[in-house]
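Q: File upload-v7.tsv below, TSV, C-alpha atoms:
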```tsv
chain	number	residue	atom	x	y	z
A	228	MET	CA	141.69	-17.02	85.69
A	229	ALA	CA	144.46	-14.66	86.86
A	230	ARG	CA	146.68	-15.69	83.95
A	231	THR	CA	143.87	-15.08	81.44
A	232	THR	CA	143.18	-11.63	82.92
A	233	THR	CA	146.86	-10.71	82.70
A	234	VAL	CA	147.06	-11.83	79.09
A	235	MET	CA	143.97	-9.85	78.15
A	236	LEU	CA	145.31	-6.71	79.83
A	237	MET	CA	148.60	-7.02	77.98
A	238	VAL	CA	146.85	-7.59	74.69
A	239	GLY	CA	144.40	-4.77	75.32
A	240	ALA	CA	147.29	-2.38	75.88
A	241	ALA	CA	148.72	-3.38	72.54
A	242	VAL	CA	145.47	-3.61	70.57
A	243	THR	CA	146.51	-0.86	68.13
A	244	ALA	CA	149.91	-2.35	67.46
A	245	MET	CA	150.83	-3.67	64.05
A	246	LEU	CA	153.98	-4.35	62.16
A	247	GLY	CA	156.82	-2.14	63.43
A	248	ALA	CA	159.08	0.48	61.97
A	249	CYS	CA	161.49	-0.69	59.31
A	250	ALA	CA	164.40	0.93	57.50
A	251	THR	CA	164.32	1.17	53.68
A	252	ASP	CA	166.69	0.56	50.77
A	253	ALA	CA	167.85	3.81	49.19
A	254	ASP	CA	168.38	2.06	45.89
A	255	SER	CA	164.76	0.83	45.57
A	256	ALA	CA	162.99	1.58	42.29
A	257	SER	CA	160.84	4.73	41.89
A	258	LEU	CA	157.12	4.53	41.16
A	259	ALA	CA	154.98	5.20	38.12
A	260	SER	CA	152.84	8.32	38.46
A	261	GLU	CA	149.31	6.90	38.50
A	262	VAL	CA	147.24	3.81	39.22
A	263	GLU	CA	146.68	1.95	35.98
A	264	ALA	CA	146.36	-1.53	34.54
A	265	GLN	CA	149.23	-2.82	32.46
A	266	GLU	CA	150.23	-6.03	30.76
A	267	ILE	CA	152.87	-8.09	32.55
A	268	VAL	CA	156.40	-8.12	31.16
A	269	PRO	CA	156.57	-10.72	28.37
A	270	ALA	CA	157.98	-14.04	29.52
A	271	ALA	CA	161.00	-13.69	27.26
A	272	GLU	CA	162.09	-10.61	29.21
A	273	VAL	CA	161.92	-12.01	32.74
A	274	PRO	CA	164.37	-14.44	34.34
A	275	ALA	CA	163.20	-18.02	34.50
A	276	ALA	CA	162.87	-19.73	37.86
A	277	PRO	CA	165.78	-22.15	38.40
A	278	THR	CA	163.51	-25.17	38.83
A	279	ALA	CA	159.90	-26.10	38.15
A	280	HIS	CA	157.53	-25.62	41.07
A	281	SER	CA	154.03	-26.72	41.91
A	282	GLY	CA	151.75	-25.70	44.74
A	283	GLY	CA	154.16	-23.14	46.16
A	284	VAL	CA	155.67	-19.69	45.75
A	285	SER	CA	158.96	-18.30	44.44
A	286	THR	CA	161.00	-15.13	44.80
A	287	GLN	CA	161.79	-15.24	41.08
A	288	ALA	CA	159.50	-14.49	38.15
A	289	PRO	CA	158.20	-17.56	36.31
A	290	ALA	CA	159.34	-18.67	32.90
A	291	SER	CA	155.78	-18.51	31.59
A	292	VAL	CA	152.69	-16.60	32.66
A	293	ASP	CA	148.92	-16.79	32.47
A	294	PRO	CA	147.85	-15.01	29.23
A	295	ASP	CA	144.98	-13.38	31.18
A	296	LEU	CA	147.31	-11.87	33.78
A	297	LYS	CA	147.13	-8.12	34.33
A	298	CYS	CA	149.01	-5.94	36.81
A	299	TYR	CA	147.79	-2.98	38.84
A	300	GLN	CA	149.58	-0.45	41.02
A	301	LEU	CA	148.13	0.46	44.42
A	302	LYS	CA	149.93	3.51	45.81
A	303	ALA	CA	149.78	6.29	48.37
A	304	PHE	CA	147.94	9.40	47.18
A	305	ALA	CA	146.76	12.79	48.41
A	306	ALA	CA	143.06	11.92	48.04
A	307	PRO	CA	140.91	9.42	46.09
A	308	ALA	CA	140.01	12.19	43.65
A	309	ALA	CA	143.66	13.24	43.31
A	310	ARG	CA	145.56	10.02	42.75
A	311	GLU	CA	148.19	11.80	40.68
A	312	GLN	CA	149.20	13.83	43.73
A	313	LYS	CA	151.58	12.18	46.18
A	314	TYR	CA	150.74	11.91	49.86
A	315	SER	CA	152.34	14.58	52.05
A	316	VAL	CA	154.05	12.73	54.89
A	317	PRO	CA	154.03	14.61	58.22
A	318	THR	CA	157.02	14.76	60.54
A	319	THR	CA	155.14	12.86	63.26
A	320	PRO	CA	157.34	9.93	64.40
A	321	ASP	CA	156.04	6.42	63.64
A	322	TYR	CA	153.01	7.70	61.74
A	323	TYR	CA	150.51	5.17	60.35
A	324	VAL	CA	148.19	6.08	57.47
A	325	GLY	CA	145.84	3.85	55.48
A	326	PHE	CA	144.85	4.28	51.84
A	327	ASP	CA	141.54	2.52	51.15
A	328	ILE	CA	141.35	1.59	47.46
A	329	LYS	CA	138.60	-0.18	45.55
A	330	ALA	CA	139.87	-3.16	43.58
A	331	PRO	CA	140.60	-1.65	40.12
A	332	TRP	CA	139.08	-4.57	38.22
A	333	SER	CA	135.74	-6.29	37.81
A	334	GLY	CA	134.72	-9.73	39.01
A	335	THR	CA	136.56	-12.13	41.29
A	336	GLN	CA	140.31	-12.24	40.64
A	337	TYR	CA	143.25	-14.23	42.00
A	338	ILE	CA	146.50	-12.54	43.00
A	339	LYS	CA	149.53	-14.17	41.39
A	340	SER	CA	152.33	-11.83	42.52
A	341	PHE	CA	153.32	-8.90	44.74
A	342	ARG	CA	156.02	-6.39	43.77
A	343	SER	CA	157.09	-3.52	46.03
A	344	LEU	CA	157.14	0.02	44.64
A	345	ILE	CA	159.30	2.36	46.72
A	346	ASP	CA	159.11	6.08	45.95
A	347	ASN	CA	160.50	8.00	48.94
A	348	ALA	CA	162.80	5.61	50.78
A	349	PRO	CA	164.00	8.01	53.52
A	350	VAL	CA	160.50	8.42	54.99
A	351	LEU	CA	159.02	4.93	54.45
A	352	HIS	CA	159.46	2.15	57.01
A	353	HIS	CA	157.07	-0.47	55.67
A	354	TRP	CA	153.81	-1.11	53.88
A	355	LEU	CA	151.15	-3.76	54.52
A	356	LEU	CA	148.36	-4.70	52.13
A	357	TYR	CA	145.00	-5.77	53.57
A	358	ARG	CA	141.61	-6.68	52.12
A	359	HIS	CA	138.60	-5.37	54.03
A	360	LEU	CA	136.14	-8.19	54.66
A	361	ASN	CA	133.13	-5.84	54.68
A	362	GLY	CA	133.82	-3.61	51.68
A	363	GLY	CA	134.29	0.10	52.24
A	364	VAL	CA	134.75	3.39	50.43
A	365	GLU	CA	137.92	4.90	49.04
A	366	ARG	CA	139.55	7.30	51.49
A	367	VAL	CA	142.74	8.30	53.29
A	368	VAL	CA	142.73	7.16	56.94
A	369	GLU	CA	145.02	9.59	58.77
A	370	ASP	CA	146.74	8.53	61.99
A	371	ALA	CA	145.54	4.94	61.55
A	372	SER	CA	145.41	2.79	64.68
A	373	GLY	CA	146.98	-0.30	63.10
A	374	ALA	CA	144.09	-2.50	64.25
A	375	HIS	CA	142.36	-4.57	61.54
A	376	PRO	CA	139.65	-6.75	63.11
A	377	ASP	CA	137.63	-6.84	59.87
A	378	ALA	CA	140.45	-7.35	57.39
A	379	GLU	CA	142.89	-9.97	56.19
A	380	MET	CA	146.54	-9.21	55.58
A	381	LEU	CA	147.72	-10.28	52.13
A	382	TYR	CA	151.40	-9.34	52.05
A	383	GLY	CA	153.87	-6.72	53.28
A	384	TRP	CA	157.19	-5.08	52.58
A	385	ALA	CA	160.07	-4.29	54.94
A	386	PRO	CA	163.79	-3.80	54.22
A	387	GLY	CA	165.18	-6.82	52.42
A	388	ALA	CA	161.73	-8.28	51.71
A	389	ASP	CA	161.30	-10.19	48.46
A	390	ASP	CA	158.86	-9.74	45.64
A	391	ILE	CA	156.98	-13.03	45.21
A	392	TRP	CA	155.27	-15.04	42.46
A	393	PHE	CA	152.85	-17.86	43.17
A	394	ASP	CA	153.18	-21.07	41.17
A	395	SER	CA	150.71	-21.60	38.34
A	396	ASP	CA	148.35	-23.61	40.55
A	397	VAL	CA	148.30	-21.16	43.52
A	398	GLY	CA	146.78	-17.72	44.09
A	399	MET	CA	144.97	-15.50	46.62
A	400	GLU	CA	141.25	-14.98	45.99
A	401	ILE	CA	139.94	-11.41	45.86
A	402	PRO	CA	136.12	-11.41	45.64
A	403	ALA	CA	134.34	-8.98	43.34
A	404	GLY	CA	133.85	-5.51	44.84
A	405	SER	CA	136.68	-5.81	47.37
A	406	THR	CA	138.37	-2.82	48.97
A	407	PHE	CA	142.04	-2.88	49.93
A	408	GLN	CA	143.85	-0.94	52.58
A	409	LEU	CA	147.45	-0.06	51.82
A	410	GLU	CA	148.77	0.72	55.28
A	411	MET	CA	151.98	2.74	55.38
A	412	HIS	CA	154.25	3.21	58.37
A	413	TYR	CA	156.17	6.46	57.95
A	414	ASN	CA	158.95	7.94	60.07
A	415	ASN	CA	159.81	11.27	58.50
A	416	THR	CA	162.91	12.75	60.13
A	417	THR	CA	163.73	15.22	57.32
A	418	GLY	CA	162.39	18.20	59.31
A	419	ALA	CA	159.64	19.03	56.82
A	420	ARG	CA	156.68	17.35	55.17
A	421	SER	CA	157.80	15.04	52.37
A	422	ALA	CA	155.86	13.63	49.40
A	423	ASP	CA	155.52	9.87	48.83
A	424	ALA	CA	153.74	7.56	46.37
A	425	SER	CA	155.08	4.18	47.48
A	426	GLY	CA	152.96	1.09	47.22
A	427	VAL	CA	152.64	-2.35	45.66
A	428	GLU	CA	152.00	-3.84	42.27
A	429	VAL	CA	149.64	-6.83	42.26
A	430	CYS	CA	149.17	-9.07	39.24
A	431	VAL	CA	145.85	-10.91	38.99
A	432	THR	CA	144.01	-13.40	36.82
A	433	PRO	CA	140.31	-14.33	36.58
A	434	ASN	CA	141.31	-17.99	36.31
A	435	LYS	CA	140.83	-19.80	39.63
A	436	PRO	CA	143.92	-21.85	40.58
A	437	GLU	CA	143.78	-25.30	42.10
A	438	HIS	CA	144.98	-23.99	45.48
A	439	VAL	CA	143.72	-20.76	47.10
A	440	ALA	CA	146.27	-19.40	49.58
A	441	GLY	CA	146.11	-17.06	52.56
A	442	LEU	CA	148.40	-15.47	55.17
A	443	SER	CA	148.17	-16.05	58.91
A	444	TRP	CA	149.71	-14.27	61.92
A	445	LEU	CA	151.86	-16.55	64.13
A	446	GLY	CA	154.18	-15.64	67.00
A	447	ASP	CA	153.22	-13.71	70.14
A	448	VAL	CA	152.68	-10.21	71.55
A	449	ARG	CA	153.36	-11.02	75.22
A	450	ILE	CA	156.94	-9.75	75.12
A	451	ALA	CA	158.56	-9.08	78.51
A	452	GLY	CA	162.33	-9.45	78.75
A	453	THR	CA	164.85	-10.77	76.25
A	454	SER	CA	162.73	-13.53	74.72
A	455	VAL	CA	159.16	-14.59	74.04
A	456	THR	CA	157.62	-17.89	72.93
A	457	GLY	CA	154.23	-18.25	71.25
A	458	ASN	CA	152.32	-21.29	70.01
A	459	CYS	CA	149.95	-21.95	67.13
A	460	THR	CA	147.97	-25.18	67.25
A	461	HIS	CA	146.55	-26.40	63.93
A	462	GLU	CA	142.85	-26.83	64.78
A	463	SER	CA	141.32	-27.56	61.37
A	464	LYS	CA	140.59	-31.13	60.31
A	465	GLU	CA	142.53	-30.95	57.05
A	466	PRO	CA	146.24	-30.93	56.18
A	467	ILE	CA	147.76	-27.51	55.48
A	468	ARG	CA	150.64	-26.83	53.14
A	469	LEU	CA	152.90	-24.06	54.44
A	470	ILE	CA	154.55	-22.44	51.41
A	471	MET	CA	156.34	-19.35	52.76
A	472	SER	CA	157.21	-17.58	56.01
A	473	LEU	CA	158.08	-13.94	56.66
A	474	PRO	CA	159.79	-13.53	60.06
A	475	HIS	CA	159.48	-10.08	61.62
A	476	MET	CA	160.98	-8.35	64.65
A	477	HIS	CA	162.44	-4.90	65.28
A	478	LYS	CA	165.89	-3.49	65.98
A	479	THR	CA	166.70	-5.45	69.15
A	480	GLY	CA	165.58	-8.75	67.61
A	481	THR	CA	168.52	-11.10	67.09
A	482	HIS	CA	167.18	-14.59	66.45
A	483	MET	CA	164.00	-16.51	65.61
A	484	LYS	CA	163.41	-20.22	65.94
A	485	VAL	CA	160.26	-22.12	64.94
A	486	ASP	CA	159.68	-25.74	65.94
A	487	LEU	CA	156.96	-27.98	64.56
A	488	LYS	CA	155.73	-30.44	67.18
A	489	ARG	CA	153.90	-33.26	65.46
A	490	ALA	CA	150.67	-34.55	66.98
A	491	ALA	CA	151.86	-38.01	65.97
A	492	GLY	CA	155.16	-37.50	67.84
A	493	GLY	CA	158.49	-35.85	67.13
A	494	VAL	CA	159.71	-32.28	66.66
A	495	GLU	CA	161.04	-30.65	63.48
A	496	THR	CA	162.79	-27.28	63.39
A	497	ILE	CA	161.53	-25.41	60.33
A	498	HIS	CA	163.24	-22.06	60.99
A	499	ASP	CA	166.37	-21.33	63.02
A	500	ARG	CA	168.15	-18.16	61.87
A	501	PRO	CA	169.62	-14.89	63.10
A	502	PHE	CA	167.35	-11.90	62.49
A	503	ASP	CA	168.61	-8.83	60.63
A	504	PHE	CA	166.35	-5.77	60.90
A	505	ASN	CA	167.73	-4.39	57.63
A	506	TYR	CA	167.32	-7.62	55.67
A	507	GLN	CA	163.88	-9.07	56.39
A	508	ARG	CA	163.70	-11.71	53.70
A	509	SER	CA	161.09	-14.39	53.10
A	510	TYR	CA	161.58	-18.17	53.17
A	511	PRO	CA	159.77	-20.45	50.68
A	512	TYR	CA	159.11	-24.10	51.58
A	513	ASP	CA	159.03	-26.81	48.93
A	514	ASP	CA	157.06	-29.54	50.69
A	515	LEU	CA	156.06	-28.63	54.25
A	516	TRP	CA	152.74	-30.02	55.48
A	517	LEU	CA	150.97	-29.48	58.80
A	518	GLN	CA	148.65	-32.20	60.04
A	519	PRO	CA	145.65	-31.70	62.37
A	520	GLY	CA	146.84	-31.24	65.94
A	521	ASP	CA	150.39	-30.18	64.99
A	522	LYS	CA	151.78	-27.21	66.90
A	523	LEU	CA	154.15	-24.46	65.70
A	524	THR	CA	156.23	-22.84	68.46
A	525	THR	CA	157.89	-19.51	67.66
A	526	THR	CA	160.68	-18.22	69.90
A	527	CYS	CA	162.08	-14.70	69.41
A	528	THR	CA	165.25	-13.46	71.12
A	529	TYR	CA	166.28	-9.84	71.75
A	530	ASP	CA	169.62	-8.32	72.71
A	531	SER	CA	168.05	-6.28	75.53
A	532	PRO	CA	164.79	-6.29	77.52
A	533	ALA	CA	161.94	-5.53	75.13
A	534	ARG	CA	158.26	-4.68	75.14
A	535	PHE	CA	155.58	-5.16	72.50
A	536	GLY	CA	154.47	-2.20	70.40
A	537	LYS	CA	154.29	-0.70	66.91
A	538	GLY	CA	156.93	2.02	67.35
A	539	THR	CA	160.58	2.00	66.38
A	540	SER	CA	161.75	1.45	69.95
A	541	ASP	CA	159.20	-1.31	70.63
A	542	GLU	CA	159.40	-4.97	69.59
A	543	MET	CA	157.41	-7.67	67.83
A	544	CYS	CA	157.57	-11.41	67.25
A	545	TYR	CA	155.70	-12.50	64.13
A	546	PHE	CA	156.13	-15.50	61.89
A	547	PHE	CA	153.82	-14.53	59.02
A	548	SER	CA	152.87	-17.74	57.24
A	549	ILE	CA	151.47	-18.11	53.70
A	550	HIS	CA	149.62	-21.39	53.26
A	551	TRP	CA	146.75	-23.19	51.61
A	552	PRO	CA	143.87	-23.82	51.96
A	553	ALA	CA	143.25	-20.14	52.79
A	554	GLY	CA	141.98	-19.62	56.33
A	555	ALA	CA	142.89	-23.11	57.52
A	556	LEU	CA	145.70	-21.85	59.76
A	557	ALA	CA	143.55	-19.74	62.08
A	558	ARG	CA	141.90	-20.02	65.46
A	559	GLN	CA	139.49	-17.93	67.50
A	560	SER	CA	141.03	-15.88	70.30
A	561	ILE	CA	141.25	-12.34	71.64
A	562	PHE	CA	144.03	-11.68	69.12
A	563	ASN	CA	141.47	-11.70	66.28
A	564	SER	CA	140.20	-8.38	67.62
A	565	PHE	CA	143.16	-6.53	66.13
A	566	HIS	CA	144.86	-8.93	63.66
A	567	GLY	CA	141.68	-10.17	62.02
A	568	PRO	CA	140.38	-13.74	61.64
A	569	ASN	CA	143.54	-15.19	60.08
A	570	THR	CA	145.45	-15.29	63.36
A	571	CYS	CA	146.86	-18.38	65.07
A	572	ILE	CA	148.20	-17.48	68.52
A	573	ASP	CA	147.29	-19.80	71.40
A	574	LEU	CA	146.27	-18.25	74.71
```
Mind turning the file's structure into structure tokens?
A:
Amino acid sequence: MARTTTVMLMVGAAVTAMLGACATDADSASLASEVEAQEIVPAAEVPAAPTAHSGGVSTQAPASVDPDLKCYQLKAFAAPAAREQKYSVPTTPDYYVGFDIKAPWSGTQYIKSFRSLIDNAPVLHHWLLYRHLNGGVERVVEDASGAHPDAEMLYGWAPGADDIWFDSDVGMEIPAGSTFQLEMHYNNTTGARSADASGVEVCVTPNKPEHVAGLSWLGDVRIAGTSVTGNCTHESKEPIRLIMSLPHMHKTGTHMKVDLKRAAGGVETIHDRPFDFNYQRSYPYDDLWLQPGDKLTTTCTYDSPARFGKGTSDEMCYFFSIHWPAGALARQSIFNSFHGPNTCIDL
């Protein structure tokens, strides 16, 4: 009982924490000036993936595309009625703001790709894209808490992060009438307010793929010292295909290791790499399956004593995992109260 109380106190203190501050790439591409639908670049003009894929995800554009695919830009703005005006970023350190945006299409659609759009690199640390589970109106949420108990995270950008394209038989379902939140983490040190219209381009199709994917939070928030270890036990009764991971820590993070302990016996290491705060890349998996009862153990290492939090000087330990079927890699715990239902962190 004492251990559970301690855990809940630690988590309660961090309930507003989300993904931490991240540096940006000064050479990132600038944005278009308004939210609009546009046809995807013709296949002849995009690089072909080096090999054929099925059931997974790639960091390279495909050689061919769904003819019904359309792309939309979701970006920061001054107000819902003034989308052409950029958001004025305050000088408040580690400032979180959410832009709630109605899905700019009709009917249920399936996301096939995410592409980052970086407008004002010096003030932007990261963006995260969520889908509200209970709808919502368009608005600007100033000084956002970072807690998302009623939302699912779809993807995010941090320095070094990749744009991604799902294989032809994979996509993320977005029900009709959905509302997104584009959550921005700003850290404006210019000395004056600064305009930004960063965001994300999502490409969608009305054609349902064979496999519907989702993203789950793995890792741990109970950071105290120079390392932390968190577990995620696969509780569903069906196999899960893990198709991509996105490791995340902050500036003192040096290394992340993830072991897969099989319920049938044996341990496989699926991630064992140094962590670079300025190069937070993603890692696709070709054929990685989790079976019921398997456990993923994430261990994060820091170069000095760390504590959990959403600020630049705080730390995190997340192994964001894209998988299908959507929602299968989740479990009920106190952590759902701020990360949403797609969280798998054992108590």
Q: Report the closest atom pair, with its distance in Å rounded to one decimal, for each residue of range 272-361 of chain A that has an atom no farther than 10 Å from range 437-441 of chain A; count only C-alpha atoms, sort by chain and then rising residue number, and write it as CSV.
A:
```
residue,atom,partner,partner_atom,distance
A:Gly282,CA,A:His438,CA,7.0
A:Gly283,CA,A:His438,CA,9.2
A:Tyr337,CA,A:Val439,CA,8.3
A:Ile338,CA,A:Ala440,CA,9.5
```
Q: Name the residues in contact with range 524-536 of chain A at a cut-off of 7 Å, using all atoms listed in the file, excluding same-chain residues fewer than 6 positions from it; report them as a list in words.
A: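 These residues fall inside the cut-off: Ala241, Ala244, Gly446, Val448, Arg449, Ile450, Ala451, Gly452, Thr453, Ser454, Val455, Thr456, Gly457, Asn458, Cys459, Thr479, Gly480, Thr481, His482, Met483, Lys484, Val485, Asp486, Leu487, Glu542, Met543 and Cys544 of chain A.
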Q: Quick check, in Å to one decimal: how far apart do CA of Ala424 in chain A and CA of His375 in chain A lie?
A: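 Atom-to-atom, CA of Ala424 in chain A to CA of His375 in chain A, that is 22.5 Å.
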Q: Residues around (146.5, -19.6, 48.3), cut-off 12 Å, counting all atoms listed in the file - what are they as a ChimeraX atom specification?
A: /A:282-284,337-340,381-382,392-401,435-443,467-471,548-556
Q: Those residues with C-alpha atoms, as a PDB file, in the frame of the given file please?
A:
```pdb
ATOM      1  CA  GLY A 282     151.750 -25.700  44.740  1.00  0.00           C
ATOM      2  CA  GLY A 283     154.160 -23.140  46.160  1.00  0.00           C
ATOM      3  CA  VAL A 284     155.670 -19.690  45.750  1.00  0.00           C
ATOM      4  CA  TYR A 337     143.250 -14.230  42.000  1.00  0.00           C
ATOM      5  CA  ILE A 338     146.500 -12.540  43.000  1.00  0.00           C
ATOM      6  CA  LYS A 339     149.530 -14.170  41.390  1.00  0.00           C
ATOM      7  CA  SER A 340     152.330 -11.830  42.520  1.00  0.00           C
ATOM      8  CA  LEU A 381     147.720 -10.280  52.130  1.00  0.00           C
ATOM      9  CA  TYR A 382     151.400  -9.340  52.050  1.00  0.00           C
ATOM     10  CA  TRP A 392     155.270 -15.040  42.460  1.00  0.00           C
ATOM     11  CA  PHE A 393     152.850 -17.860  43.170  1.00  0.00           C
ATOM     12  CA  ASP A 394     153.180 -21.070  41.170  1.00  0.00           C
ATOM     13  CA  SER A 395     150.710 -21.600  38.340  1.00  0.00           C
ATOM     14  CA  ASP A 396     148.350 -23.610  40.550  1.00  0.00           C
ATOM     15  CA  VAL A 397     148.300 -21.160  43.520  1.00  0.00           C
ATOM     16  CA  GLY A 398     146.780 -17.720  44.090  1.00  0.00           C
ATOM     17  CA  MET A 399     144.970 -15.500  46.620  1.00  0.00           C
ATOM     18  CA  GLU A 400     141.250 -14.980  45.990  1.00  0.00           C
ATOM     19  CA  ILE A 401     139.940 -11.410  45.860  1.00  0.00           C
ATOM     20  CA  LYS A 435     140.830 -19.800  39.630  1.00  0.00           C
ATOM     21  CA  PRO A 436     143.920 -21.850  40.580  1.00  0.00           C
ATOM     22  CA  GLU A 437     143.780 -25.300  42.100  1.00  0.00           C
ATOM     23  CA  HIS A 438     144.980 -23.990  45.480  1.00  0.00           C
ATOM     24  CA  VAL A 439     143.720 -20.760  47.100  1.00  0.00           C
ATOM     25  CA  ALA A 440     146.270 -19.400  49.580  1.00  0.00           C
ATOM     26  CA  GLY A 441     146.110 -17.060  52.560  1.00  0.00           C
ATOM     27  CA  LEU A 442     148.400 -15.470  55.170  1.00  0.00           C
ATOM     28  CA  SER A 443     148.170 -16.050  58.910  1.00  0.00           C
ATOM     29  CA  ILE A 467     147.760 -27.510  55.480  1.00  0.00           C
ATOM     30  CA  ARG A 468     150.640 -26.830  53.140  1.00  0.00           C
ATOM     31  CA  LEU A 469     152.900 -24.060  54.440  1.00  0.00           C
ATOM     32  CA  ILE A 470     154.550 -22.440  51.410  1.00  0.00           C
ATOM     33  CA  MET A 471     156.340 -19.350  52.760  1.00  0.00           C
ATOM     34  CA  SER A 548     152.870 -17.740  57.240  1.00  0.00           C
ATOM     35  CA  ILE A 549     151.470 -18.110  53.700  1.00  0.00           C
ATOM     36  CA  HIS A 550     149.620 -21.390  53.260  1.00  0.00           C
ATOM     37  CA  TRP A 551     146.750 -23.190  51.610  1.00  0.00           C
ATOM     38  CA  PRO A 552     143.870 -23.820  51.960  1.00  0.00           C
ATOM     39  CA  ALA A 553     143.250 -20.140  52.790  1.00  0.00           C
ATOM     40  CA  GLY A 554     141.980 -19.620  56.330  1.00  0.00           C
ATOM     41  CA  ALA A 555     142.890 -23.110  57.520  1.00  0.00           C
ATOM     42  CA  LEU A 556     145.700 -21.850  59.760  1.00  0.00           C
TER      43      LEU A 556
END
```
Q: CA of Pro386 in chain A to CA of Phe326 in chain A: how many Å, to one decimal?
A: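 Here the two named atoms are 20.7 Å from each other.
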Q: Atoms are missing here; could range 289-304 of chain A be completed with N, CA and C atoms and written as a tab-separated table (two decimals), in the frame of the given file?
A:
```tsv
chain	number	residue	atom	x	y	z
A	289	PRO	N	158.30	-16.27	37.01
A	289	PRO	CA	158.20	-17.56	36.31
A	289	PRO	C	158.64	-17.46	34.85
A	290	ALA	N	158.93	-18.63	34.30
A	290	ALA	CA	159.34	-18.67	32.90
A	290	ALA	C	158.17	-18.43	31.96
A	291	SER	N	156.96	-18.74	32.40
A	291	SER	CA	155.78	-18.51	31.59
A	291	SER	C	154.68	-17.96	32.48
A	292	VAL	N	153.72	-17.26	31.88
A	292	VAL	CA	152.69	-16.60	32.66
A	292	VAL	C	151.31	-16.87	32.07
A	293	ASP	N	150.30	-16.68	32.89
A	293	ASP	CA	148.92	-16.79	32.47
A	293	ASP	C	148.64	-15.69	31.43
A	294	PRO	N	148.11	-16.03	30.26
A	294	PRO	CA	147.85	-15.01	29.23
A	294	PRO	C	146.80	-13.99	29.67
A	295	ASP	N	146.00	-14.31	30.69
A	295	ASP	CA	144.98	-13.38	31.18
A	295	ASP	C	145.47	-12.50	32.32
A	296	LEU	N	146.75	-12.62	32.66
A	296	LEU	CA	147.31	-11.87	33.78
A	296	LEU	C	147.38	-10.38	33.46
A	297	LYS	N	146.98	-9.56	34.44
A	297	LYS	CA	147.13	-8.12	34.33
A	297	LYS	C	147.64	-7.59	35.67
A	298	CYS	N	148.37	-6.48	35.61
A	298	CYS	CA	149.01	-5.94	36.81
A	298	CYS	C	148.48	-4.54	37.11
A	299	TYR	N	148.33	-4.25	38.38
A	299	TYR	CA	147.79	-2.98	38.84
A	299	TYR	C	148.67	-2.43	39.96
A	300	GLN	N	148.79	-1.10	39.99
A	300	GLN	CA	149.58	-0.45	41.02
A	300	GLN	C	148.67	0.21	42.04
A	301	LEU	N	148.86	-0.13	43.30
A	301	LEU	CA	148.13	0.46	44.42
A	301	LEU	C	149.12	1.29	45.22
A	302	LYS	N	148.91	2.62	45.24
A	302	LYS	CA	149.93	3.51	45.81
A	302	LYS	C	149.32	4.57	46.71
A	303	ALA	N	150.19	5.17	47.52
A	303	ALA	CA	149.78	6.29	48.37
A	303	ALA	C	149.41	7.48	47.49
A	304	PHE	N	148.40	8.25	47.96
A	304	PHE	CA	147.94	9.40	47.18
A	304	PHE	C	147.41	10.47	48.12
```
